[in-house]
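Report on the following structure.
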Amino acid sequence: MLDCCTNISCLEINCPKLKLLYYIGSYQTLCFKNTPLLATVTIYEIRARYPKSKGKLIPDLVQVLCSLPAVKYLSVDYYFLKTLVVHDTLKRHPTPLQHLGTIRTFYVSFSKLEEVTSIFHLLRSSPNLQNLQIEMYSEAGANAVKPSELLDAEHLAKAEGQSDYSLNQLQEVKLQRFYGSRPEVEFAKFLLAKSPLLKTLSLQPHEGMSKDEQLALLKEIIRFRRSSPNAEIICEEFVEE
């Protein structure tokens, strides 16, 4: 466990007996060289305190994932997802993560194309995924996403929903701080249509959503087609973990 690490340019893990890694800190490059037993991985990025460099290297996180043959649990944030897609334009089908059963992601903006794309890439690479948890994030004010970018994200969600995915093992889904944007709703629709063993889809609306808005959202989503006859859609209060 490495907490609040800064001033690290290259985070290189070379430890053949390591089974769990919990890392919160900054990094420019990330490399797993010899981790055949590493099964639990948690990586959250914090703002680097070293001077910014124009030539800052972005880790090839697709290659990072391919270097984790035994990973069963993966918990990452938006920074991991943003950098994942940078190097994935030509490698849309990375080596499957056969043992990965749980994915947790935090602060994901479904109005940002690169983050939505990375979510789909992770799903495609995890044929035995059973549990998926995504905490949403929405920017406001000067940082708000332009309407044109939002439409791009919606178009992507619909297009990816027609792709060849293998979500045959997915059973539990939790979407936290759900804002009800069109890309988010389309993503929920996609999960219901592609998960034949799904047991529960838990929607946890963000704190600012009124009861009437929650009811309208739930009414829309429960009408979507479900490939699992046992899938239950639950709307519950978000609780900070």
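Residues in the structure tokens are numbered from 1 in each chain, the chains being A, B, ... in the order shown, and ligands are numbered from 1 in the order shown.
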Mind checking which residues fall within 9 Å of Glu115 (chain A), counting only C-alpha atoms, ignoring those fewer than 2 positions away in the same chain, and posting them as a list of chain:residue names?
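Counting only the stated atoms, we get A:Tyr78, A:Tyr79, A:Leu81, A:Lys82, A:Thr83, A:Leu84, A:Val85, A:Val108, A:Ser109, A:Phe110, A:Ser111, A:Lys112, A:Leu113, A:Thr117, A:Ser118, A:Ile119, A:Phe120.
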As a list in words, please: the residues near Ala188 (chain A) (cut-off 8 Å, only C-alpha atoms, same-chain neighbours under 4 positions excluded).
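The filter keeps Glu184, Leu192 and Ile221 of chain A.
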Coordinates-based distance that separates CA of Asn168 (chain A) from CA of Cys235 (chain A) (Å, one decimal):
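Between CA of Cys235 (chain A) and CA of Asn168 (chain A) the gap is 23.4 Å.
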Contacts of Phe238 (chain A) within 12 Å, only C-alpha atoms, excl. fewer than 2 positions in-chain, as a list in words
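Listing them by chain and then by number gives Glu135, Met136, Lys174, Leu175, Gln176, Arg177, Phe178, Tyr179, Ser202, Leu203, Gln204, Pro205, His206, Glu207, Gly208, Met209, Ile234, Cys235, Glu236, Glu240 and Glu241 of chain A.
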Dump N, CA and C atoms for the selected residues as a PDB file, in the first residue's frame?
```
ATOM      1  N   GLU A 135     -18.898   5.252 -10.562  1.00  0.00           N
ATOM      2  CA  GLU A 135     -19.365   6.491  -9.940  1.00  0.00           C
ATOM      3  C   GLU A 135     -19.214   7.613 -10.961  1.00  0.00           C
ATOM      4  N   MET A 136     -20.336   8.265 -11.276  1.00  0.00           N
ATOM      5  CA  MET A 136     -20.354   9.298 -12.305  1.00  0.00           C
ATOM      6  C   MET A 136     -19.825  10.628 -11.764  1.00  0.00           C
ATOM      7  N   LYS A 174     -23.691  -1.392 -10.388  1.00  0.00           N
ATOM      8  CA  LYS A 174     -24.047  -0.249  -9.546  1.00  0.00           C
ATOM      9  C   LYS A 174     -23.569   1.020 -10.239  1.00  0.00           C
ATOM     10  N   LEU A 175     -24.519   1.902 -10.570  1.00  0.00           N
ATOM     11  CA  LEU A 175     -24.205   3.184 -11.202  1.00  0.00           C
ATOM     12  C   LEU A 175     -24.491   4.283 -10.183  1.00  0.00           C
ATOM     13  N   GLN A 176     -23.419   4.878  -9.657  1.00  0.00           N
ATOM     14  CA  GLN A 176     -23.543   5.845  -8.571  1.00  0.00           C
ATOM     15  C   GLN A 176     -23.475   7.283  -9.092  1.00  0.00           C
ATOM     16  N   ARG A 177     -24.138   8.173  -8.358  1.00  0.00           N
ATOM     17  CA  ARG A 177     -24.249   9.581  -8.754  1.00  0.00           C
ATOM     18  C   ARG A 177     -24.754   9.682 -10.198  1.00  0.00           C
ATOM     19  N   PHE A 178     -25.785   8.951 -10.481  1.00  0.00           N
ATOM     20  CA  PHE A 178     -26.382   8.893 -11.818  1.00  0.00           C
ATOM     21  C   PHE A 178     -27.101  10.212 -12.086  1.00  0.00           C
ATOM     22  N   TYR A 179     -26.709  10.909 -13.175  1.00  0.00           N
ATOM     23  CA  TYR A 179     -27.273  12.217 -13.490  1.00  0.00           C
ATOM     24  C   TYR A 179     -28.435  12.124 -14.474  1.00  0.00           C
ATOM     25  N   SER A 202     -28.383  -1.389 -10.033  1.00  0.00           N
ATOM     26  CA  SER A 202     -28.669  -0.413  -8.986  1.00  0.00           C
ATOM     27  C   SER A 202     -28.331   0.987  -9.474  1.00  0.00           C
ATOM     28  N   LEU A 203     -29.334   1.852  -9.502  1.00  0.00           N
ATOM     29  CA  LEU A 203     -29.141   3.250  -9.872  1.00  0.00           C
ATOM     30  C   LEU A 203     -29.170   4.094  -8.603  1.00  0.00           C
ATOM     31  N   GLN A 204     -28.108   4.853  -8.401  1.00  0.00           N
ATOM     32  CA  GLN A 204     -28.037   5.742  -7.249  1.00  0.00           C
ATOM     33  C   GLN A 204     -27.933   7.179  -7.753  1.00  0.00           C
ATOM     34  N   PRO A 205     -29.070   7.894  -7.867  1.00  0.00           N
ATOM     35  CA  PRO A 205     -29.070   9.248  -8.420  1.00  0.00           C
ATOM     36  C   PRO A 205     -28.184  10.194  -7.607  1.00  0.00           C
ATOM     37  N   HIS A 206     -27.674  11.214  -8.289  1.00  0.00           N
ATOM     38  CA  HIS A 206     -26.836  12.195  -7.584  1.00  0.00           C
ATOM     39  C   HIS A 206     -27.691  12.987  -6.606  1.00  0.00           C
ATOM     40  N   GLU A 207     -27.028  13.645  -5.682  1.00  0.00           N
ATOM     41  CA  GLU A 207     -27.707  14.268  -4.552  1.00  0.00           C
ATOM     42  C   GLU A 207     -28.706  15.354  -4.961  1.00  0.00           C
ATOM     43  N   GLY A 208     -28.490  15.996  -6.121  1.00  0.00           N
ATOM     44  CA  GLY A 208     -29.347  17.108  -6.524  1.00  0.00           C
ATOM     45  C   GLY A 208     -30.593  16.713  -7.292  1.00  0.00           C
ATOM     46  N   MET A 209     -30.802  15.426  -7.530  1.00  0.00           N
ATOM     47  CA  MET A 209     -31.960  14.984  -8.310  1.00  0.00           C
ATOM     48  C   MET A 209     -33.188  14.865  -7.423  1.00  0.00           C
ATOM     49  N   ILE A 234     -33.097  -1.311  -9.465  1.00  0.00           N
ATOM     50  CA  ILE A 234     -33.295  -0.717  -8.149  1.00  0.00           C
ATOM     51  C   ILE A 234     -32.851   0.738  -8.171  1.00  0.00           C
ATOM     52  N   CYS A 235     -33.647   1.596  -7.610  1.00  0.00           N
ATOM     53  CA  CYS A 235     -33.280   3.012  -7.448  1.00  0.00           C
ATOM     54  C   CYS A 235     -33.104   3.267  -5.961  1.00  0.00           C
ATOM     55  N   GLU A 236     -31.883   3.599  -5.558  1.00  0.00           N
ATOM     56  CA  GLU A 236     -31.605   3.775  -4.138  1.00  0.00           C
ATOM     57  C   GLU A 236     -30.731   4.985  -3.893  1.00  0.00           C
ATOM     58  N   GLU A 240     -21.891   7.716   0.244  1.00  0.00           N
ATOM     59  CA  GLU A 240     -20.447   7.886   0.037  1.00  0.00           C
ATOM     60  C   GLU A 240     -19.692   6.765   0.734  1.00  0.00           C
ATOM     61  N   GLU A 241     -18.788   6.105  -0.007  1.00  0.00           N
ATOM     62  CA  GLU A 241     -18.013   5.004   0.584  1.00  0.00           C
ATOM     63  C   GLU A 241     -16.670   5.516   1.085  1.00  0.00           C
TER      64      GLU A 241
END
```
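Excluding Gly180 (chain A) itself and any same-chain residue fewer than 6 positions from it, the protein and nucleic acid residues within 9 Å of it, counting only C-alpha atoms, are A:Pro205, A:Glu213, A:Gln214, A:Leu217.
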Same residues, C-alpha atoms, saved as a compact mmCIF listing (two decimals), in the first residue's frame:
```
# COMPACT_ATOMS: atom_id res chain seq x y z
CA PRO A 205 -29.07 9.25 -8.42
CA GLU A 213 -36.86 13.36 -11.56
CA GLN A 214 -35.83 10.03 -10.08
CA LEU A 217 -35.83 8.30 -14.89
```
Find the spatial neighbours of region 65-69 of chain A, counting only C-alpha atoms, within a cut-off of 7 Å - ignore same-chain residues fewer than 5 positions away - and output them as a PyMOL selection string.
chain A and resi 32+35-36+38+95+97
Taking 3 positions as the minimum chain separation for residues in the same chain, which residues sit within 7 Å of Leu2 (chain A) when counting only C-alpha atoms? Answer as a ChimeraX atom specification.
/A:5,22-24
CA of Asp3 (chain A) to CA of Lys33 (chain A), distance in Å rounded to a single decimal:
21.0 Å
All residues 7 Å or closer to Tyr27 (chain A), only C-alpha atoms, same chain fewer than 2 positions away omitted, as a ChimeraX atom specification
/A:8-11,25,29-30
